[in-house]
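Below is upload_30.cif, holding mmCIF, C-alpha atoms.
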```
data_work
loop_
_atom_site.label_atom_id
_atom_site.label_comp_id
_atom_site.auth_asym_id
_atom_site.auth_seq_id
_atom_site.Cartn_x
_atom_site.Cartn_y
_atom_site.Cartn_z
CA MET A 1 0.00 0.00 0.00
CA ASP A 2 1.25 3.53 -0.74
CA VAL A 3 1.52 5.00 2.74
CA GLU A 4 1.92 8.58 1.55
CA SER A 5 -1.49 8.55 -0.07
CA ALA A 6 -3.00 7.19 3.10
CA ILE A 7 -1.93 10.18 5.18
CA GLY A 8 -4.90 12.34 5.91
CA SER A 9 -7.34 9.70 4.77
CA GLU A 10 -9.66 8.90 7.64
CA SER A 11 -11.31 6.02 5.86
CA GLU A 12 -7.94 4.44 5.18
CA GLU A 13 -7.04 4.91 8.82
CA ALA A 14 -10.32 3.31 9.86
CA ARG A 15 -9.60 0.37 7.56
CA LEU A 16 -6.14 -0.05 9.09
CA ILE A 17 -7.58 0.09 12.61
CA ALA A 18 -10.16 -2.56 11.74
CA ALA A 19 -7.43 -4.78 10.25
CA CYS A 20 -5.23 -4.28 13.34
CA ARG A 21 -8.13 -5.40 15.51
CA GLN A 22 -8.15 -8.61 13.49
CA GLY A 23 -4.46 -9.04 14.33
CA ASP A 24 -2.98 -7.98 10.98
CA PRO A 25 0.68 -6.95 11.65
CA ASP A 26 1.12 -5.41 8.18
CA ALA A 27 -1.81 -3.09 8.78
CA PHE A 28 -0.31 -2.24 12.14
CA ALA A 29 3.01 -1.31 10.51
CA ASP A 30 1.13 1.00 8.14
CA LEU A 31 -0.78 2.55 11.03
CA ILE A 32 2.53 3.16 12.82
CA ARG A 33 3.97 4.82 9.71
CA LEU A 34 1.01 7.20 9.64
CA HIS A 35 1.62 8.44 13.16
CA GLU A 36 5.23 7.68 14.14
CA ARG A 37 6.54 11.21 13.57
CA ARG A 38 3.88 12.73 15.77
CA VAL A 39 4.67 10.25 18.56
CA PHE A 40 8.43 10.83 18.29
CA ARG A 41 7.91 14.58 18.34
CA LEU A 42 5.77 14.39 21.48
CA ALA A 43 8.15 12.02 23.27
CA GLY A 44 11.04 14.33 22.31
CA ARG A 45 9.42 17.00 24.43
CA PHE A 46 10.13 15.05 27.61
CA PHE A 47 13.22 12.98 26.87
CA ARG A 48 16.63 14.03 25.63
CA GLN A 49 18.27 10.82 24.48
CA PRO A 50 17.25 9.21 21.17
CA ASP A 51 17.05 5.72 22.67
CA GLN A 52 14.66 6.98 25.38
CA ILE A 53 12.44 8.56 22.74
CA GLU A 54 12.45 5.42 20.64
CA GLU A 55 11.62 3.23 23.64
CA VAL A 56 8.70 5.42 24.64
CA ALA A 57 7.46 5.47 21.04
CA GLN A 58 7.68 1.68 20.86
CA GLU A 59 5.87 1.34 24.18
CA THR A 60 3.17 3.70 22.90
CA PHE A 61 2.53 1.65 19.78
CA LEU A 62 2.63 -1.67 21.62
CA THR A 63 0.03 -0.28 24.02
CA VAL A 64 -2.03 0.75 21.01
CA TRP A 65 -1.76 -2.80 19.65
CA THR A 66 -2.96 -4.41 22.87
CA LYS A 67 -5.58 -1.81 23.81
CA LEU A 68 -7.00 -1.03 20.40
CA HIS A 69 -10.22 -2.81 21.28
CA THR A 70 -10.88 -0.08 23.87
CA TYR A 71 -10.69 2.71 21.26
CA ARG A 72 -14.13 3.98 20.38
CA ALA A 73 -14.18 5.93 17.16
CA GLU A 74 -16.17 8.76 18.77
CA ALA A 75 -13.06 10.99 18.78
CA PRO A 76 -10.24 11.05 16.21
CA PHE A 77 -7.71 8.25 16.57
CA GLU A 78 -5.00 10.88 16.85
CA HIS A 79 -6.46 12.14 20.13
CA TRP A 80 -6.55 8.65 21.59
CA LEU A 81 -3.00 7.99 20.41
CA THR A 82 -1.83 11.27 21.97
CA ARG A 83 -3.30 10.24 25.29
CA VAL A 84 -1.63 6.81 25.12
CA CYS A 85 1.69 8.45 24.26
CA LEU A 86 1.42 11.04 27.04
CA ASN A 87 0.59 8.35 29.56
CA CYS A 88 3.63 6.34 28.47
CA CYS A 89 5.82 9.46 28.75
CA TYR A 90 4.39 10.26 32.16
CA ALA A 91 4.87 6.72 33.47
CA ARG A 92 8.46 6.70 32.28
CA LEU A 93 9.21 10.15 33.69
CA ARG A 94 8.04 8.95 37.08
CA LYS A 95 10.32 5.93 36.87
CA GLU A 96 13.39 7.86 35.67
CA ARG A 97 16.22 8.15 38.14
CA PRO A 98 17.42 11.74 38.59
CA ALA A 99 20.99 10.74 37.76
CA ASP A 100 19.88 9.49 34.34
CA GLU A 101 18.11 12.73 33.67
CA LEU A 102 21.10 14.78 34.73
CA ALA A 103 23.36 12.86 32.41
CA ALA A 104 20.85 13.27 29.61
CA GLU A 105 20.55 17.02 30.16
CA ARG A 106 24.33 17.43 29.98
CA LEU A 107 24.50 15.43 26.80
CA ALA A 108 21.84 17.20 24.84
CA ALA A 109 21.03 20.64 26.18
CA PRO A 110 19.51 22.98 23.58
CA THR A 111 21.87 25.58 22.19
CA SER A 112 19.60 28.64 22.10
CA ASP A 113 19.92 31.33 24.78
CA PRO A 114 22.54 30.05 27.26
CA ASP A 115 21.16 31.97 30.29
CA ALA A 116 17.62 30.86 29.80
CA ARG A 117 18.77 27.35 29.00
CA LEU A 118 20.64 27.01 32.26
CA GLU A 119 17.71 28.37 34.23
CA VAL A 120 15.24 26.09 32.54
CA GLU A 121 17.42 23.01 32.77
CA GLY A 122 17.99 23.74 36.44
CA LEU A 123 14.33 24.33 37.03
CA LEU A 124 13.27 21.14 35.29
CA ARG A 125 15.68 19.15 37.44
CA THR A 126 14.16 20.54 40.63
CA LEU A 127 10.58 19.81 39.65
CA ALA A 128 8.70 16.66 40.53
CA PRO A 129 8.02 14.59 37.40
CA GLU A 130 4.31 15.48 37.50
CA ASP A 131 5.04 19.20 37.65
CA ARG A 132 7.75 19.01 35.00
CA PHE A 133 5.34 17.14 32.77
CA VAL A 134 2.64 19.81 33.12
CA LEU A 135 5.09 22.70 32.70
CA LEU A 136 6.39 21.26 29.43
CA LEU A 137 2.86 20.82 28.14
CA LEU A 138 1.90 24.37 29.16
CA TYR A 139 4.90 26.13 27.68
CA GLY A 140 6.24 23.56 25.26
CA GLU A 141 3.05 22.45 23.56
CA GLY A 142 1.24 25.69 24.42
CA TRP A 143 -1.77 23.84 25.80
CA SER A 144 -4.15 25.39 28.32
CA VAL A 145 -5.03 23.78 31.65
CA ASN A 146 -8.33 22.62 30.11
CA GLU A 147 -6.62 21.11 27.09
CA ILE A 148 -4.12 19.24 29.25
CA ALA A 149 -6.90 17.89 31.48
CA GLU A 150 -8.92 16.79 28.48
CA ARG A 151 -6.05 15.18 26.58
CA LEU A 152 -4.65 13.35 29.60
CA GLY A 153 -7.96 12.41 31.16
CA TRP A 154 -6.90 14.17 34.37
CA SER A 155 -9.21 16.34 36.44
CA ARG A 156 -8.94 20.10 35.91
CA PRO A 157 -8.10 20.79 39.59
CA LYS A 158 -5.25 18.28 39.43
CA VAL A 159 -3.74 20.04 36.41
CA LYS A 160 -4.28 23.45 38.02
CA VAL A 161 -2.47 22.42 41.18
CA ARG A 162 0.47 21.03 39.20
CA ALA A 163 0.60 24.11 36.98
CA HIS A 164 0.46 26.44 39.97
CA ARG A 165 3.27 24.61 41.74
CA ALA A 166 5.48 24.53 38.67
CA ARG A 167 4.89 28.20 37.88
CA LYS A 168 5.62 29.13 41.48
CA LYS A 169 8.99 27.39 41.26
CA LEU A 170 9.71 29.07 37.94
CA ARG A 171 8.91 32.44 39.44
CA ARG A 172 11.15 31.89 42.46
CA LEU A 173 13.92 30.83 40.15
CA LEU A 174 13.54 33.95 38.02
CA GLU A 175 13.47 36.13 41.11
CA GLY A 176 16.78 34.66 42.15
CA ALA A 177 15.54 32.71 45.15
CA PRO A 178 16.32 29.01 45.45
CA ALA A 179 13.58 27.07 43.67
CA MET B 180 -0.10 47.98 41.26
CA ARG B 181 2.41 46.16 43.46
CA CYS B 182 5.34 44.16 42.06
CA ASP B 183 3.89 40.99 43.53
CA GLU B 184 0.51 41.44 41.77
CA LEU B 185 2.17 42.22 38.48
CA ARG B 186 4.36 39.11 38.64
CA ASP B 187 1.34 36.97 39.48
CA GLN B 188 -0.26 38.25 36.27
CA LEU B 189 2.87 37.76 34.22
CA MET B 190 3.15 34.14 35.29
CA VAL B 191 -0.32 33.33 33.98
CA VAL B 192 -0.52 35.62 30.92
CA ASP B 193 2.95 35.15 29.53
CA ARG B 194 2.07 35.90 25.94
CA GLY B 195 -1.20 37.78 26.23
CA GLU B 196 -1.78 41.51 26.37
CA LEU B 197 -1.20 43.08 29.76
CA PRO B 198 -3.70 45.46 31.38
CA ALA B 199 -2.79 49.18 31.23
CA ALA B 200 -1.89 49.28 34.94
CA ALA B 201 0.54 46.40 34.51
CA ALA B 202 2.13 48.01 31.46
CA ALA B 203 2.51 51.28 33.36
CA HIS B 204 4.17 49.47 36.26
CA LEU B 205 6.62 47.82 33.90
CA GLU B 206 7.57 51.24 32.51
CA GLU B 207 8.51 52.45 35.97
CA CYS B 208 9.90 49.35 37.70
CA GLU B 209 13.23 48.12 36.36
CA GLU B 210 13.21 44.99 38.52
CA CYS B 211 9.85 43.87 37.16
CA ALA B 212 10.92 44.67 33.61
CA GLU B 213 13.97 42.46 34.15
CA PHE B 214 11.77 39.78 35.65
CA ARG B 215 9.57 39.89 32.58
CA ARG B 216 12.59 39.64 30.27
CA ARG B 217 13.85 36.57 32.12
CA LEU B 218 10.39 35.02 32.11
CA GLU B 219 10.13 35.44 28.34
CA LEU B 220 13.55 33.87 27.87
CA ALA B 221 12.61 30.94 30.10
CA ALA B 222 9.28 30.48 28.28
CA GLU B 223 11.03 30.50 24.91
CA SER B 224 13.55 28.00 26.20
CA LEU B 225 10.74 25.73 27.39
CA ARG B 226 9.08 26.00 23.98
CA ARG B 227 12.33 24.91 22.36
CA HIS B 228 12.96 22.21 24.94
CA ARG B 229 12.61 19.30 22.58
CA THR B 230 14.84 16.66 21.05
CA ASP B 231 14.23 16.26 17.34
CA HIS B 232 14.78 12.59 16.84
CA LEU B 233 12.93 10.96 13.96
CA PRO B 234 12.17 7.26 13.48
CA ASP B 235 14.34 5.34 11.07
CA ALA B 236 12.83 3.63 8.02
CA TYR B 237 12.43 0.29 9.84
CA PHE B 238 10.88 1.47 13.08
CA ALA B 239 7.32 0.53 12.10
CA GLN B 240 8.42 -2.87 10.85
CA ARG B 241 10.35 -3.60 14.07
CA VAL B 242 7.49 -2.62 16.37
CA SER B 243 4.99 -4.51 14.26
CA ALA B 244 7.19 -7.62 14.49
CA VAL B 245 7.41 -7.28 18.27
CA ALA B 246 3.62 -6.90 18.47
CA ALA B 247 3.06 -9.96 16.27
CA GLY B 248 5.56 -11.91 18.39
CA GLU B 249 3.76 -10.97 21.57
CA THR B 250 0.45 -12.07 20.10
CA ASP B 251 1.98 -15.39 19.03
CA GLN B 252 3.48 -15.88 22.46
CA LEU B 253 0.13 -15.18 24.07
CA GLY B 254 -1.56 -17.64 21.72
CA TRP B 255 0.98 -20.37 22.45
CA ALA B 256 0.80 -19.68 26.17
CA ALA B 257 -2.97 -20.13 26.00
CA VAL B 258 -2.59 -23.41 24.09
CA ARG B 259 -0.03 -24.70 26.60
CA LEU B 260 -2.20 -23.72 29.53
CA LEU B 261 -5.35 -25.31 28.11
CA PRO B 262 -4.68 -28.90 29.40
CA VAL B 263 -3.77 -27.51 32.83
CA ALA B 264 -6.98 -25.49 32.92
CA LEU B 265 -9.02 -28.54 31.87
CA ALA B 266 -7.38 -30.77 34.50
CA LEU B 267 -7.94 -28.14 37.16
CA THR B 268 -11.60 -27.82 36.20
CA LEU B 269 -12.07 -31.61 36.41
CA VAL B 270 -10.39 -31.84 39.84
CA LEU B 271 -12.45 -28.97 41.22
CA SER B 272 -15.68 -30.43 39.81
CA ALA B 273 -14.90 -33.86 41.33
CA TRP B 274 -14.08 -32.28 44.67
CA ALA B 275 -17.28 -30.22 44.63
CA TRP B 276 -19.31 -33.34 43.76
CA LEU B 277 -17.70 -35.46 46.49
CA ALA B 278 -17.85 -32.74 49.12
CA THR B 279 -21.55 -32.12 48.66
CA PRO B 280 -23.52 -34.43 51.04
CA SER B 281 -26.56 -36.29 49.75
CA PRO B 282 -30.01 -35.22 51.01
CA SER B 283 -30.39 -38.43 53.05
CA ALA B 284 -27.05 -37.84 54.77
CA LEU B 285 -28.13 -34.33 55.60
CA VAL B 286 -31.27 -35.61 57.27
CA GLU B 287 -29.26 -38.14 59.30
CA GLN B 288 -26.81 -35.52 60.41
CA SER B 289 -29.53 -33.04 61.28
CA PRO B 290 -28.91 -31.49 64.70
CA THR B 291 -32.60 -30.66 65.07
CA ASP B 292 -33.24 -33.09 67.96
CA ASP B 293 -30.14 -32.02 69.86
CA LEU B 294 -30.95 -28.40 69.31
CA LEU B 295 -34.54 -28.89 70.50
CA THR B 296 -33.30 -30.67 73.63
CA TRP B 297 -30.84 -27.89 74.33
CA VAL B 298 -33.49 -25.19 73.91
CA LEU B 299 -35.90 -27.03 76.21
CA GLU B 300 -33.19 -27.56 78.82
CA GLU B 301 -32.15 -23.93 78.69
CA ASN B 302 -35.76 -22.77 79.09
CA GLY B 303 -36.33 -25.31 81.82
CA SER B 304 -33.38 -24.03 83.85
#
```

Written as structure tokens, how would this file's structure read?
Amino acid sequence: MDVESAIGSESEEARLIAACRQGDPDAFADLIRLHERRVFRLAGRFFRQPDQIEEVAQETFLTVWTKLHTYRAEAPFEHWLTRVCLNCCYARLRKERPADELAAERLAAPTSDPDARLEVEGLLRTLAPEDRFVLLLLYGEGWSVNEIAERLGWSRPKVKVRAHRARKKLRRLLEGAPA
Amino acid sequence: MRCDELRDQLMVVDRGELPAAAAAHLEECEECAEFRRRLELAAESLRRHRTDHLPDAYFAQRVSAVAAGETDQLGWAAVRLLPVALALTLVLSAWAWLATPSPSALVEQSPTDDLLTWVLEENGS
């Protein structure tokens, strides 16, 4: 099948999903090709090393494979996939050891503004995984509290509390106080 | 407007338009203007905080193979477990059948007479 022509075709995507539900691995490979860049891009928001990103992406798609029967086509598949991916990222962030993260930050820090970079890298290291996760979605993806709650399936108060805590730390950092 | 209030607003509305009072405060207060500059730098850095790593040409194939392998493994595990499940079901059924007393045995074992005697004795005393 020509995968390029399938991009953007909802009916083709629906056909692939139906075939995946029947256990067709070729259809699953095509479904992955449709969405792999989006998943890598999202995972790259939270992880700095290529192998971490690839592992999270693989975990995301394997979860899709095993849980596809729970997907109801009421919302676009992309939304469901985003939620699966975010949950995989979140679960992994919570499991990460700080030392791993530190090593990763040193290896692949962004090369834009050095002052801001150091502040942000420092801030991210001090945040709890939950708060770091929300901060990156707020500023990185530009999502609102409501959007984050909806896409993650979290309650709005939970997201608000996390956002408030993360912003408070950011503010203290910018004011020069210890975060 | 106090510095504290302004910074509260800046933290929430980092890219939106500020009220006139906030803008006026920023004109006069160098510390808050510096705070805003640093906040914008940090926000921009967070926006750029991403590793651009793309999948290679075989990623989909690899994951699909792993998924198919897992399904096969699950299928074989189910097939291997089937005799065990059947044997277990038979043993449990036999035990349930043997452990259930027959109606006649239940009548023979009935404690009704003893119970009646005990009640009468208790009332009598």

Inset, instruction - Calculate how many Å separate atom CA of A:Leu62 from atom CA of B:Ser243, rounding to one decimal. - result: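 Value for the atom CA of A:Leu62-atom CA of B:Ser243 distance: 8.2 Å.
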
Inset, instruction - Might you spell out which residues the PyMOL selection byres ((chain B) within 9 of (chain A)) would select in the displayed file, as a PyMOL selection string? - result: chain B and resi 186-187+190-191+214-215+217-234+238-247+250

Legend entry - Result set of the PyMOL selection byres ((chain A and resi 76-91) around 6) on the coordinates above, as a ChimeraX atom specification: /A:60,75,92-94,151-152

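Distances here use all atoms listed in the file; by that measure, the residue among B:Tyr237, B:Glu184, B:Arg216, B:Trp274 closest to B:His204 is B:Glu184.
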
Inset, instruction - Could you tell me how far atom CA of A:Ser155 lies from atom CA of A:Leu68, in Å and to one decimal? - result: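 Rounded to one decimal, the two atoms are 23.7 Å apart.
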
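Distance-wise, atom CA of A:Ala14 and atom CA of A:Ala149 end up 26.3 Å apart.
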
Legend entry - Nearest residue to B:Pro198 from the set B:Ala212, B:Ala264, B:Met180, B:Ala275 (distances using only C-alpha atoms):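 Result for the nearest residue to B:Pro198: B:Met180.
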
Given the point (-10.8, 25.3, 32.2) in the coordinates of this file, which residues lie within 7 Å, counting all atoms listed in the file, and how would they look as a short mmCIF file (atom, residue, chain, number, x, y, z; two decimals) with C-alpha atoms, in the coordinates of the input?
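Result saved to result_20.cif:
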```cif
data_model
loop_
_atom_site.label_atom_id
_atom_site.label_comp_id
_atom_site.auth_asym_id
_atom_site.auth_seq_id
_atom_site.Cartn_x
_atom_site.Cartn_y
_atom_site.Cartn_z
CA VAL A 145 -5.03 23.78 31.65
CA ASN A 146 -8.33 22.62 30.11
CA ARG A 156 -8.94 20.10 35.91
#
```
